[in-house]
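Below: coords.cif (mmCIF, C-alpha atoms)
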data_work
loop_
_atom_site.label_atom_id
_atom_site.label_comp_id
_atom_site.auth_asym_id
_atom_site.auth_seq_id
_atom_site.Cartn_x
_atom_site.Cartn_y
_atom_site.Cartn_z
CA MET A 191 58.72 156.23 10.34
CA THR A 192 58.10 152.56 9.73
CA ALA A 193 56.62 151.96 6.31
CA LYS A 194 53.80 149.46 6.03
CA ILE A 195 54.82 146.48 3.92
CA LYS A 196 52.12 144.96 1.72
CA PRO A 197 52.08 141.14 1.94
CA GLY A 198 52.05 138.94 -1.17
CA GLN A 199 48.81 137.48 -2.48
CA GLY A 200 49.25 133.77 -2.96
CA ALA A 201 46.95 130.91 -3.82
CA ALA A 202 44.89 129.43 -0.99
CA TYR A 203 46.55 126.05 -1.42
CA ALA A 204 49.00 124.25 -3.71
CA ARG A 205 48.92 120.91 -5.49
CA ILE A 206 50.99 118.75 -7.81
CA LEU A 207 49.48 119.33 -11.26
CA GLY A 208 51.69 117.11 -13.39
CA VAL A 209 54.57 114.64 -13.22
CA GLY A 210 57.14 113.44 -15.75
CA GLY A 211 60.31 111.40 -15.74
CA TYR A 212 63.36 110.64 -17.84
CA ARG A 213 65.10 107.29 -17.62
CA PRO A 214 68.47 106.94 -19.39
CA THR A 215 68.45 104.64 -22.40
CA ARG A 216 71.13 102.24 -21.14
CA VAL A 217 69.78 99.50 -18.89
CA VAL A 218 72.46 97.93 -16.69
CA PRO A 219 71.70 94.43 -15.39
CA ASN A 220 73.29 92.96 -12.25
CA GLU A 221 75.53 90.77 -14.45
CA GLU A 222 77.38 93.89 -15.61
CA ILE A 223 77.91 95.06 -12.01
CA LEU A 224 79.32 91.61 -11.18
CA GLN A 225 82.26 92.19 -13.53
CA HIS A 226 83.72 94.46 -10.84
CA ILE A 227 82.69 92.93 -7.50
CA ASP A 228 82.69 89.48 -5.95
CA SER A 229 78.96 89.01 -5.43
CA SER A 230 75.97 87.38 -7.15
CA ASP A 231 72.70 88.33 -8.80
CA GLU A 232 70.87 86.52 -5.99
CA TRP A 233 72.79 88.43 -3.29
CA ILE A 234 72.09 91.81 -4.90
CA ARG A 235 68.39 91.03 -5.39
CA SER A 236 67.90 89.69 -1.87
CA ARG A 237 69.71 92.63 -0.20
CA SER A 238 68.29 95.44 -2.34
CA GLY A 239 65.50 94.20 -4.63
CA ILE A 240 67.38 95.68 -7.58
CA ALA A 241 67.43 93.73 -10.86
CA THR A 242 68.43 96.49 -13.28
CA ARG A 243 69.18 100.20 -13.22
CA HIS A 244 69.58 102.92 -15.85
CA TRP A 245 72.96 104.58 -16.30
CA ALA A 246 73.28 107.76 -18.30
CA ASN A 247 75.52 108.01 -21.36
CA GLU A 248 77.63 111.12 -21.93
CA ASP A 249 74.83 112.92 -23.78
CA GLU A 250 72.34 112.28 -20.99
CA THR A 251 73.56 115.11 -18.81
CA VAL A 252 71.87 116.51 -15.70
CA ALA A 253 70.48 119.32 -17.87
CA GLU A 254 69.32 117.07 -20.74
CA MET A 255 67.53 114.64 -18.43
CA SER A 256 65.95 117.52 -16.47
CA VAL A 257 64.67 119.30 -19.58
CA ALA A 258 63.12 116.05 -20.84
CA ALA A 259 61.44 115.28 -17.50
CA ALA A 260 60.23 118.85 -17.01
CA GLY A 261 58.79 118.94 -20.52
CA LYS A 262 56.71 115.85 -19.77
CA ALA A 263 55.56 117.24 -16.41
CA ILE A 264 54.53 120.57 -17.97
CA ALA A 265 52.59 118.77 -20.73
CA ASN A 266 51.01 116.49 -18.09
CA ALA A 267 49.98 119.55 -16.05
CA GLY A 268 48.50 121.20 -19.13
CA ILE A 269 50.08 124.58 -18.46
CA ASP A 270 52.10 126.93 -20.63
CA ALA A 271 55.83 126.81 -19.79
CA ALA A 272 55.90 130.62 -19.95
CA GLU A 273 53.75 130.68 -16.80
CA VAL A 274 56.40 128.88 -14.72
CA GLY A 275 57.64 131.30 -12.07
CA GLY A 276 60.05 129.03 -10.24
CA VAL A 277 62.45 126.20 -11.11
CA ILE A 278 64.01 124.19 -8.29
CA ILE A 279 66.63 121.55 -9.05
CA ALA A 280 67.45 119.00 -6.35
CA THR A 281 70.68 117.16 -7.09
CA VAL A 282 73.97 116.02 -5.58
CA SER A 283 75.54 114.87 -8.83
CA HIS A 284 75.83 117.96 -11.02
CA PHE A 285 79.57 118.58 -10.99
CA LYS A 286 79.56 122.24 -11.98
CA GLN A 287 78.56 124.20 -8.92
CA THR A 288 78.10 127.62 -10.42
CA PRO A 289 76.01 128.88 -12.04
CA ALA A 290 73.14 126.83 -10.73
CA ILE A 291 72.02 124.37 -13.40
CA ALA A 292 68.43 125.49 -12.68
CA THR A 293 68.84 128.68 -14.73
CA GLU A 294 69.88 126.83 -17.89
CA ILE A 295 67.07 124.34 -17.43
CA ALA A 296 64.52 127.12 -16.82
CA HIS A 297 65.65 128.84 -20.01
CA ARG A 298 65.54 125.65 -22.07
CA ILE A 299 62.04 124.69 -20.99
CA GLY A 300 60.80 128.11 -22.11
CA ALA A 301 60.03 129.46 -18.68
CA GLY A 302 60.92 133.12 -19.24
CA LYS A 303 62.67 134.62 -16.23
CA PRO A 304 61.61 132.50 -13.25
CA ALA A 305 63.34 132.26 -9.89
CA ALA A 306 65.75 129.37 -10.43
CA PHE A 307 68.10 127.66 -8.01
CA ASP A 308 69.65 124.33 -7.02
CA ILE A 309 69.28 122.66 -3.63
CA SER A 310 71.33 119.92 -1.99
CA ALA A 311 69.32 117.72 0.34
CA GLY A 312 70.42 114.24 -0.69
CA CYS A 313 67.66 111.73 -1.20
CA ALA A 314 65.21 114.14 0.47
CA GLY A 315 65.95 116.77 -2.18
CA PHE A 316 62.69 116.30 -4.04
CA THR A 317 60.48 116.51 -0.94
CA TYR A 318 62.46 119.53 0.27
CA GLY A 319 61.88 121.18 -3.14
CA LEU A 320 58.19 120.32 -3.05
CA THR A 321 57.90 122.06 0.32
CA LEU A 322 59.64 125.18 -0.99
CA ALA A 323 57.39 125.19 -4.07
CA LYS A 324 54.26 124.99 -1.95
CA GLY A 325 55.48 127.96 0.09
CA MET A 326 56.28 130.01 -3.03
CA ILE A 327 52.80 129.42 -4.45
CA THR A 328 50.80 130.07 -1.29
CA GLU A 329 52.97 133.08 -0.45
CA GLY A 330 52.42 134.54 -3.90
CA SER A 331 55.92 134.70 -5.35
CA ALA A 332 55.17 132.20 -8.13
CA ARG A 333 52.03 130.75 -9.72
CA TYR A 334 53.65 127.56 -11.04
CA VAL A 335 56.87 125.98 -9.85
CA VAL A 336 58.74 123.11 -11.50
CA VAL A 337 60.55 120.85 -9.03
CA ILE A 338 63.07 118.44 -10.52
CA GLY A 339 65.03 115.68 -8.79
CA VAL A 340 67.90 114.67 -11.06
CA GLU A 341 70.96 112.49 -10.55
CA ARG A 342 73.84 110.87 -12.39
CA LEU A 343 74.86 108.73 -9.43
CA SER A 344 76.83 106.42 -11.72
CA ASP A 345 79.41 109.24 -11.71
CA LEU A 346 79.65 108.92 -7.91
CA THR A 347 79.66 105.12 -7.76
CA ASP A 348 82.70 103.12 -6.73
CA LEU A 349 82.37 100.09 -9.01
CA GLU A 350 84.62 98.09 -6.70
CA ASP A 351 82.68 98.81 -3.50
CA ARG A 352 80.73 95.61 -2.92
CA ALA A 353 78.23 97.39 -0.66
CA THR A 354 77.18 100.15 -3.08
CA ALA A 355 78.32 99.28 -6.62
CA PHE A 356 74.92 97.78 -7.44
CA LEU A 357 72.82 100.38 -5.64
CA PHE A 358 72.69 103.57 -7.62
CA GLY A 359 70.94 104.63 -10.80
CA ASP A 360 70.54 107.74 -12.94
CA GLY A 361 67.47 109.67 -14.06
CA ALA A 362 65.29 112.73 -13.62
CA GLY A 363 61.80 113.17 -12.22
CA ALA A 364 59.84 116.42 -12.35
CA VAL A 365 56.56 117.80 -11.08
CA VAL A 366 54.68 121.02 -11.71
CA VAL A 367 53.23 122.52 -8.55
CA GLY A 368 50.51 125.14 -8.85
CA PRO A 369 47.51 126.76 -7.19
CA SER A 370 44.61 124.76 -5.79
CA ASP A 371 41.20 125.51 -4.24
CA GLU A 372 41.55 122.51 -1.93
CA PRO A 373 44.48 121.50 0.30
CA ALA A 374 46.43 118.95 -1.79
CA ILE A 375 49.89 119.00 -0.17
CA GLY A 376 49.79 118.37 3.57
CA PRO A 377 52.13 119.87 6.16
CA THR A 378 55.72 118.76 5.71
CA VAL A 379 57.39 116.96 8.58
CA TRP A 380 61.07 117.52 7.95
CA GLY A 381 64.40 117.89 9.64
CA SER A 382 68.03 116.88 9.81
CA GLU A 383 70.30 114.82 12.06
CA GLY A 384 73.79 116.16 11.54
CA ASP A 385 75.23 113.88 14.22
CA LYS A 386 74.78 111.10 11.63
CA ALA A 387 76.44 113.00 8.78
CA ASP A 388 79.05 110.26 8.37
CA ILE A 389 76.79 107.30 7.71
CA ILE A 390 76.07 108.33 4.10
CA THR A 391 78.85 110.45 2.64
CA GLN A 392 81.40 110.93 -0.09
CA THR A 393 84.59 109.02 0.66
CA VAL A 394 86.70 112.20 0.51
CA SER A 395 86.07 115.84 -0.39
CA TRP A 396 86.78 117.10 -3.90
CA GLU A 397 89.38 119.39 -2.35
CA ALA A 398 91.29 116.48 -0.84
CA TYR A 399 90.97 114.62 -4.10
CA ARG A 400 92.30 117.56 -6.08
CA GLU A 401 95.26 118.06 -3.79
CA ARG A 402 96.20 114.44 -3.36
CA GLY A 403 94.38 112.71 -6.18
CA ALA A 404 97.51 110.98 -7.35
CA ALA A 405 98.19 109.54 -3.91
CA THR A 406 97.07 105.96 -3.54
CA ASP A 407 95.42 106.56 -0.17
CA VAL A 408 92.84 108.99 -1.55
CA ARG A 409 89.85 107.28 -3.10
CA PHE A 410 87.62 108.89 -5.69
CA PRO A 411 84.86 110.92 -3.91
CA ALA A 412 82.26 108.21 -4.44
CA ILE A 413 79.22 107.80 -2.21
CA THR A 414 79.64 105.32 0.59
CA GLN A 415 77.35 104.31 3.43
CA GLU A 416 77.12 102.23 6.59
CA GLY A 417 74.39 99.87 5.49
CA GLN A 418 73.17 98.61 8.86
CA ALA A 419 73.05 102.07 10.45
CA VAL A 420 71.23 103.50 7.44
CA PHE A 421 68.77 100.59 7.44
CA ARG A 422 67.92 101.03 11.12
CA TRP A 423 67.43 104.78 10.79
CA ALA A 424 65.49 104.56 7.54
CA VAL A 425 63.09 101.90 8.72
CA TYR A 426 62.40 102.78 12.33
CA GLU A 427 63.01 106.54 12.57
CA MET A 428 61.46 107.26 9.17
CA ALA A 429 58.37 105.20 9.99
CA LYS A 430 57.84 107.64 12.89
CA VAL A 431 58.31 110.64 10.59
CA ALA A 432 55.88 109.14 8.07
CA GLN A 433 53.32 108.66 10.84
CA GLN A 434 53.80 112.27 11.94
CA ALA A 435 53.15 113.44 8.37
CA LEU A 436 49.92 111.41 8.31
CA ASP A 437 48.88 112.89 11.66
CA ALA A 438 49.75 116.43 10.56
CA ALA A 439 47.58 116.02 7.47
CA GLY A 440 44.74 114.45 9.47
CA VAL A 441 44.86 111.35 7.27
CA THR A 442 44.85 107.78 8.59
CA ALA A 443 46.78 104.90 7.03
CA ASP A 444 43.41 103.39 6.06
CA GLN A 445 42.59 106.46 3.99
CA LEU A 446 45.80 106.26 1.96
CA ASP A 447 45.70 105.03 -1.62
CA ALA A 448 49.44 105.03 -2.25
CA PHE A 449 52.81 105.05 -0.50
CA ILE A 450 55.72 106.54 -2.44
CA PRO A 451 58.86 106.42 -0.29
CA HIS A 452 62.31 107.32 -1.57
CA GLN A 453 63.45 104.23 -3.46
CA ALA A 454 66.47 103.51 -1.26
CA ASN A 455 66.30 99.74 -1.01
CA MET A 456 63.41 97.26 -1.36
CA ARG A 457 64.15 95.84 2.09
CA ILE A 458 63.78 99.31 3.61
CA ILE A 459 60.47 99.77 1.78
CA ASP A 460 59.17 96.37 2.96
CA SER A 461 60.20 96.98 6.55
CA MET A 462 58.74 100.51 6.56
CA ILE A 463 55.38 99.09 5.45
CA LYS A 464 55.50 96.70 8.43
CA ALA A 465 56.64 99.37 10.89
CA LEU A 466 53.92 101.75 9.67
CA GLY A 467 51.27 99.03 9.63
CA LEU A 468 50.06 100.05 6.16
CA PRO A 469 46.91 98.22 5.05
CA GLU A 470 47.17 95.92 2.03
CA HIS A 471 45.03 98.10 -0.23
CA VAL A 472 47.71 100.81 -0.28
CA ALA A 473 49.63 100.75 -3.59
CA VAL A 474 53.36 100.80 -2.84
CA ALA A 475 55.94 102.24 -5.24
CA ARG A 476 58.59 99.62 -5.98
CA ASP A 477 60.32 101.35 -8.85
CA ILE A 478 63.71 100.50 -7.34
CA ALA A 479 63.60 97.02 -8.93
CA THR A 480 64.30 98.51 -12.36
CA ALA A 481 65.57 102.01 -11.50
CA GLY A 482 67.97 101.40 -8.62
CA ASN A 483 68.37 104.15 -6.04
CA THR A 484 68.23 107.45 -7.95
CA SER A 485 68.37 109.67 -4.83
CA SER A 486 66.42 112.90 -5.37
CA ALA A 487 64.88 111.61 -8.63
CA SER A 488 63.36 108.49 -7.13
CA ILE A 489 60.04 109.83 -5.77
CA PRO A 490 58.82 111.65 -8.90
CA LEU A 491 60.05 108.75 -11.09
CA ALA A 492 58.19 106.26 -8.86
CA MET A 493 55.12 108.51 -8.82
CA GLU A 494 55.04 108.60 -12.62
CA GLN A 495 55.47 104.82 -12.79
CA LEU A 496 52.71 104.15 -10.23
CA LEU A 497 50.28 106.33 -12.21
CA ALA A 498 51.33 104.95 -15.62
CA SER A 499 50.92 101.34 -14.45
CA GLY A 500 47.41 102.05 -13.17
CA GLN A 501 48.30 101.06 -9.60
CA ALA A 502 47.36 104.59 -8.56
CA LYS A 503 45.26 107.23 -10.25
CA SER A 504 44.91 110.99 -10.39
CA GLY A 505 43.26 112.33 -7.26
CA ASP A 506 44.50 109.49 -5.06
CA THR A 507 45.94 110.31 -1.65
CA ALA A 508 49.62 109.39 -1.32
CA LEU A 509 52.22 109.55 1.42
CA VAL A 510 55.64 110.65 0.14
CA ILE A 511 58.82 110.54 2.20
CA GLY A 512 62.37 111.38 1.22
CA PHE A 513 65.35 110.56 3.45
CA GLY A 514 69.08 110.29 3.03
CA ALA A 515 72.53 111.80 3.32
CA GLY A 516 72.77 114.55 5.91
CA LEU A 517 70.95 112.89 7.41
CA VAL A 518 67.87 114.73 6.18
CA TYR A 519 64.23 113.80 5.78
CA ALA A 520 60.91 115.27 4.66
CA ALA A 521 57.47 113.67 4.46
CA SER A 522 54.00 114.83 3.51
CA VAL A 523 50.64 113.61 2.27
CA VAL A 524 49.80 114.71 -1.26
CA THR A 525 47.01 114.37 -3.80
CA LEU A 526 48.38 112.67 -6.92
CA PRO A 527 48.28 114.61 -10.20
CA MET B 92 60.66 94.77 35.77
CA ALA B 93 63.01 92.01 36.82
CA ALA B 94 65.99 91.32 34.59
CA ASN B 95 65.67 88.37 32.25
CA THR B 96 67.68 85.22 32.87
CA LYS B 97 70.02 83.81 30.23
CA GLU B 98 67.43 81.14 29.40
CA GLU B 99 64.65 83.71 29.03
CA ILE B 100 66.78 85.79 26.71
CA LEU B 101 67.64 82.78 24.54
CA THR B 102 63.97 81.79 24.32
CA GLY B 103 62.91 85.34 23.48
CA LEU B 104 65.68 85.77 20.92
CA ALA B 105 64.71 82.47 19.27
CA GLU B 106 61.13 83.71 18.93
CA ILE B 107 62.35 86.96 17.38
CA VAL B 108 64.66 85.18 14.92
CA ASN B 109 61.79 82.83 14.06
CA GLU B 110 59.45 85.71 13.34
CA ILE B 111 61.91 87.73 11.28
CA ALA B 112 63.86 85.06 9.43
CA GLY B 113 61.52 82.05 9.65
CA ILE B 114 64.14 79.88 11.40
CA PRO B 115 62.65 77.17 13.70
CA THR B 116 63.12 78.29 17.32
CA GLU B 117 64.88 75.03 18.27
CA ASP B 118 67.65 75.81 15.74
CA VAL B 119 68.52 79.06 17.51
CA GLU B 120 71.29 77.79 19.79
CA LEU B 121 74.06 79.66 21.59
CA ASP B 122 76.89 78.50 19.32
CA LYS B 123 75.07 79.27 16.06
CA SER B 124 76.32 82.10 13.84
CA PHE B 125 73.55 84.43 12.71
CA THR B 126 74.90 84.78 9.18
CA ASP B 127 76.57 81.42 8.55
CA ASP B 128 74.22 79.02 10.36
CA LEU B 129 70.88 80.81 10.60
CA ASP B 130 70.91 82.72 7.30
CA VAL B 131 70.13 86.00 9.07
CA ASP B 132 71.69 88.60 6.77
CA SER B 133 73.00 92.00 7.89
CA LEU B 134 69.70 93.80 7.32
CA SER B 135 67.58 91.12 9.03
CA MET B 136 70.09 91.33 11.88
CA VAL B 137 69.10 94.98 12.36
CA GLU B 138 65.45 93.92 12.61
CA VAL B 139 66.40 91.25 15.16
CA VAL B 140 68.37 93.83 17.16
CA VAL B 141 65.54 96.38 17.18
CA ALA B 142 63.02 93.73 18.27
CA ALA B 143 65.43 92.56 20.99
CA GLU B 144 65.93 96.13 22.21
CA GLU B 145 62.21 96.50 22.66
CA ARG B 146 61.66 93.13 24.29
CA PHE B 147 64.59 93.20 26.70
CA SER B 148 64.81 96.94 27.48
CA VAL B 149 68.34 97.20 26.17
CA LYS B 150 70.15 99.56 23.79
CA ILE B 151 72.38 97.94 21.18
CA PRO B 152 74.25 100.67 19.21
CA ASP B 153 75.16 100.02 15.56
CA ASP B 154 78.84 99.83 16.47
CA ASP B 155 78.13 96.91 18.81
CA VAL B 156 75.82 95.07 16.41
CA LYS B 157 78.75 94.05 14.21
CA ASN B 158 80.35 92.23 17.15
CA LEU B 159 77.31 90.03 17.70
CA LYS B 160 78.38 87.10 15.53
CA THR B 161 76.66 84.25 17.35
CA VAL B 162 73.42 83.81 19.25
CA GLY B 163 75.58 83.43 22.38
CA ASP B 164 77.22 86.84 21.72
CA ALA B 165 73.77 88.44 21.59
CA VAL B 166 72.51 86.66 24.69
CA SER B 167 75.59 87.72 26.68
CA TYR B 168 75.32 91.30 25.43
CA ILE B 169 71.67 91.57 26.40
CA LEU B 170 72.34 89.90 29.77
CA GLU B 171 75.03 92.48 30.56
CA HIS B 172 73.28 95.56 29.22
CA GLN B 173 69.61 95.08 30.08
CA GLU B 174 68.06 97.66 32.39
CA ASP B 175 66.64 96.36 35.65
#

Have the structure of the file written as structure tokens, please.
Amino acid sequence: MTAKIKPGQGAAYARILGVGGYRPTRVVPNEEILQHIDSSDEWIRSRSGIATRHWANEDETVAEMSVAAAGKAIANAGIDAAEVGGVIIATVSHFKQTPAIATEIAHRIGAGKPAAFDISAGCAGFTYGLTLAKGMITEGSARYVVVIGVERLSDLTDLEDRATAFLFGDGAGAVVVGPSDEPAIGPTVWGSEGDKADIITQTVSWEAYRERGAATDVRFPAITQEGQAVFRWAVYEMAKVAQQALDAAGVTADQLDAFIPHQANMRIIDSMIKALGLPEHVAVARDIATAGNTSSASIPLAMEQLLASGQAKSGDTALVIGFGAGLVYAASVVTLP
Amino acid sequence: MAANTKEEILTGLAEIVNEIAGIPTEDVELDKSFTDDLDVDSLSMVEVVVAAEERFSVKIPDDDVKNLKTVGDAVSYILEHQED
């Protein structure tokens, strides 16, 4: 006999209730990067829009930065940490694979015994996590979920690679997602293009590095990318994905208040705005100028900055899009916390 | 659509380079290097390529973009690869 399975009782809708970030204390200007590569401040700024970035010191671990960011997001959401039923950590730069760092972070923020796990989706990690959180809340397996994008990309940076040495930064950005009476996170348009797995990748695997690390032909497993190929994909293919996310949510570009793309490169952001035809009234996150590319942390960090600066306000409608190594991408329209 | 002549491609490419990089169209000559003479950097070059693909019905893969050093290289490439 087939037993009848009772479905979960979730919230009607989900929304982002609070956001918080942690930026490492050490600010690294372009001049410091130039000690290792033959380039110039002007070249770095014109190619990337980056003037400074934050690099973590040894005490600013993935866990420490995450706990700090999550604490701010929970306070901003005005909930009790004990009510958190899910903790999702998106990262590619936590070097201890097991156990998932999410469990330690969940414990340290005072979340009781929530579901806790790490995900790896490159620079789309945050938007992937946001999508999972929305599902958990509307399906009924958690009332509040903390999603954290956290990176120490300085640990994966080849200081002598002229094309990427200046690009990456460290930090953590967190949001609390919870129940809502109104739709406040639109449908996610997401996917992957594994045929382009090689255009953003680690130089070698850790396994190869371990076996042949002493050999001169094996470079440290730093992140490397094919700049032109990434630029073309990010601008033109991601503009299409962003438009699909707008269409799926039934929101026009005119109705947007803010655009918070992954902070990959200022030139990508500028060209995406053109390709999307965003009106001038839309506030655009340009946190990359002082944060660098922080991969999965960049969207929540930029969201916090846009709200703190007054360029956007709570209740505004924002388009978020994450895209990166995989290649992977995820975009949706959200109501800002 | 009839294929574009070499002259039409050069004129069209000059308009694209003008729009993207602000270079006067008359400066966009066959022997000019995109990076050295016209100050079109690698990322602007991608924008030029995408605009050219659309205008001339041609596909220019990333692997081929790096071989397009001069305006003449691009004109020849488009001339050979455009769809009739």

List the spatial neighbours of region 361-369 of chain A as a PyMOL selection string - criterion: any atom at most 8 Å away, only C-alpha atoms, same-chain residues fewer than 4 positions off excluded.
chain A and resi 201-214+244-246+252+255-256+259-260+263-264+267+320+323-324+327-328+333-342+484+487-491

Same residues, C-alpha atoms, saved as a short mmCIF file (atom, residue, chain, number, x, y, z; two decimals), in the coordinates of the input:
data_model
loop_
_atom_site.label_atom_id
_atom_site.label_comp_id
_atom_site.auth_asym_id
_atom_site.auth_seq_id
_atom_site.Cartn_x
_atom_site.Cartn_y
_atom_site.Cartn_z
CA ALA A 201 46.95 130.91 -3.82
CA ALA A 202 44.89 129.43 -0.99
CA TYR A 203 46.55 126.05 -1.42
CA ALA A 204 49.00 124.25 -3.71
CA ARG A 205 48.92 120.91 -5.49
CA ILE A 206 50.99 118.75 -7.81
CA LEU A 207 49.48 119.33 -11.26
CA GLY A 208 51.69 117.11 -13.39
CA VAL A 209 54.57 114.64 -13.22
CA GLY A 210 57.14 113.44 -15.75
CA GLY A 211 60.31 111.40 -15.74
CA TYR A 212 63.36 110.64 -17.84
CA ARG A 213 65.10 107.29 -17.62
CA PRO A 214 68.47 106.94 -19.39
CA HIS A 244 69.58 102.92 -15.85
CA TRP A 245 72.96 104.58 -16.30
CA ALA A 246 73.28 107.76 -18.30
CA VAL A 252 71.87 116.51 -15.70
CA MET A 255 67.53 114.64 -18.43
CA SER A 256 65.95 117.52 -16.47
CA ALA A 259 61.44 115.28 -17.50
CA ALA A 260 60.23 118.85 -17.01
CA ALA A 263 55.56 117.24 -16.41
CA ILE A 264 54.53 120.57 -17.97
CA ALA A 267 49.98 119.55 -16.05
CA LEU A 320 58.19 120.32 -3.05
CA ALA A 323 57.39 125.19 -4.07
CA LYS A 324 54.26 124.99 -1.95
CA ILE A 327 52.80 129.42 -4.45
CA THR A 328 50.80 130.07 -1.29
CA ARG A 333 52.03 130.75 -9.72
CA TYR A 334 53.65 127.56 -11.04
CA VAL A 335 56.87 125.98 -9.85
CA VAL A 336 58.74 123.11 -11.50
CA VAL A 337 60.55 120.85 -9.03
CA ILE A 338 63.07 118.44 -10.52
CA GLY A 339 65.03 115.68 -8.79
CA VAL A 340 67.90 114.67 -11.06
CA GLU A 341 70.96 112.49 -10.55
CA ARG A 342 73.84 110.87 -12.39
CA THR A 484 68.23 107.45 -7.95
CA ALA A 487 64.88 111.61 -8.63
CA SER A 488 63.36 108.49 -7.13
CA ILE A 489 60.04 109.83 -5.77
CA PRO A 490 58.82 111.65 -8.90
CA LEU A 491 60.05 108.75 -11.09
#

Residues of chain A within 7 Å of chain B, counting all atoms listed in the file, as JSON, numbers by chain
{"A": [418, 419, 421, 422]}

Starting from the PyMOL selection byres ((chain B and resi 121) around 7), expand the selection into actual residues of this file and give them as a PyMOL selection string.
chain B and resi 119-120+122-123+161-163

By how many Å are CA of Met456 (chain A) and CA of Thr126 (chain B) apart?
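Pair CA of Met456 (chain A) / CA of Thr126 (chain B) returns 20.0 Å.
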
Tell me, in Å to one decimal, how far CA of Thr480 (chain A) is from CA of Leu497 (chain A).
16.1 Å

For Lys464 (chain A), which of B:Ala165, B:Val149, B:Ile111, B:Ile100 is the closest residue, counting all atoms listed in the file?
B:Ile111

Give as a ChimeraX atom specification the set of residues within 8 Å of the point (75.7, 103.4, -6.6), where distances use the file's coordinates and only C-alpha atoms.
/A:343-344,346-349,354-359,413,483

Using all atoms listed in the file for the distances, tell me which of B:Val131, B:Thr96, B:Val108, B:Leu101 is nearest to Val166 (chain B).
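Distance minimum relative to Val166 (chain B) lands on B:Leu101.
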
Name all residues at most 10 Å from Gly376 (chain A) (count all atoms listed in the file; drop same-chain ones fewer than 5 positions away) and give them as a PyMOL selection string.
chain A and resi 203-205+321+324+435-441+509+521-525

Selection in question (the file shown): the PyMOL selection byres ((chain A and resi 501) around 10). Which residues does it include, as a list in words?
Asp447, Ala448, Val472, Ala473, Val474, Ala475, Gln495, Leu496, Leu497, Ala498, Ser499, Gly500, Ala502 and Lys503 of chain A

Pairwise distance for CA of Glu99 (chain B) and CA of Leu159 (chain B), rounded to one decimal in Å
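The value is 18.1 Å.
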
Please enumerate the residues selected by the PyMOL selection byres ((chain A and resi 310-316) around 6) when evaluated against the supplied file, formatted as a PyMOL selection string.
chain A and resi 280-282+309+317-319+339+485-486+512-515+519

Select, from A:Ala272, A:Ala241, A:Ile299, A:Val431, the residue with the minimum atom-to-atom distance to Glu254 (chain A), counting only C-alpha atoms.
A:Ile299
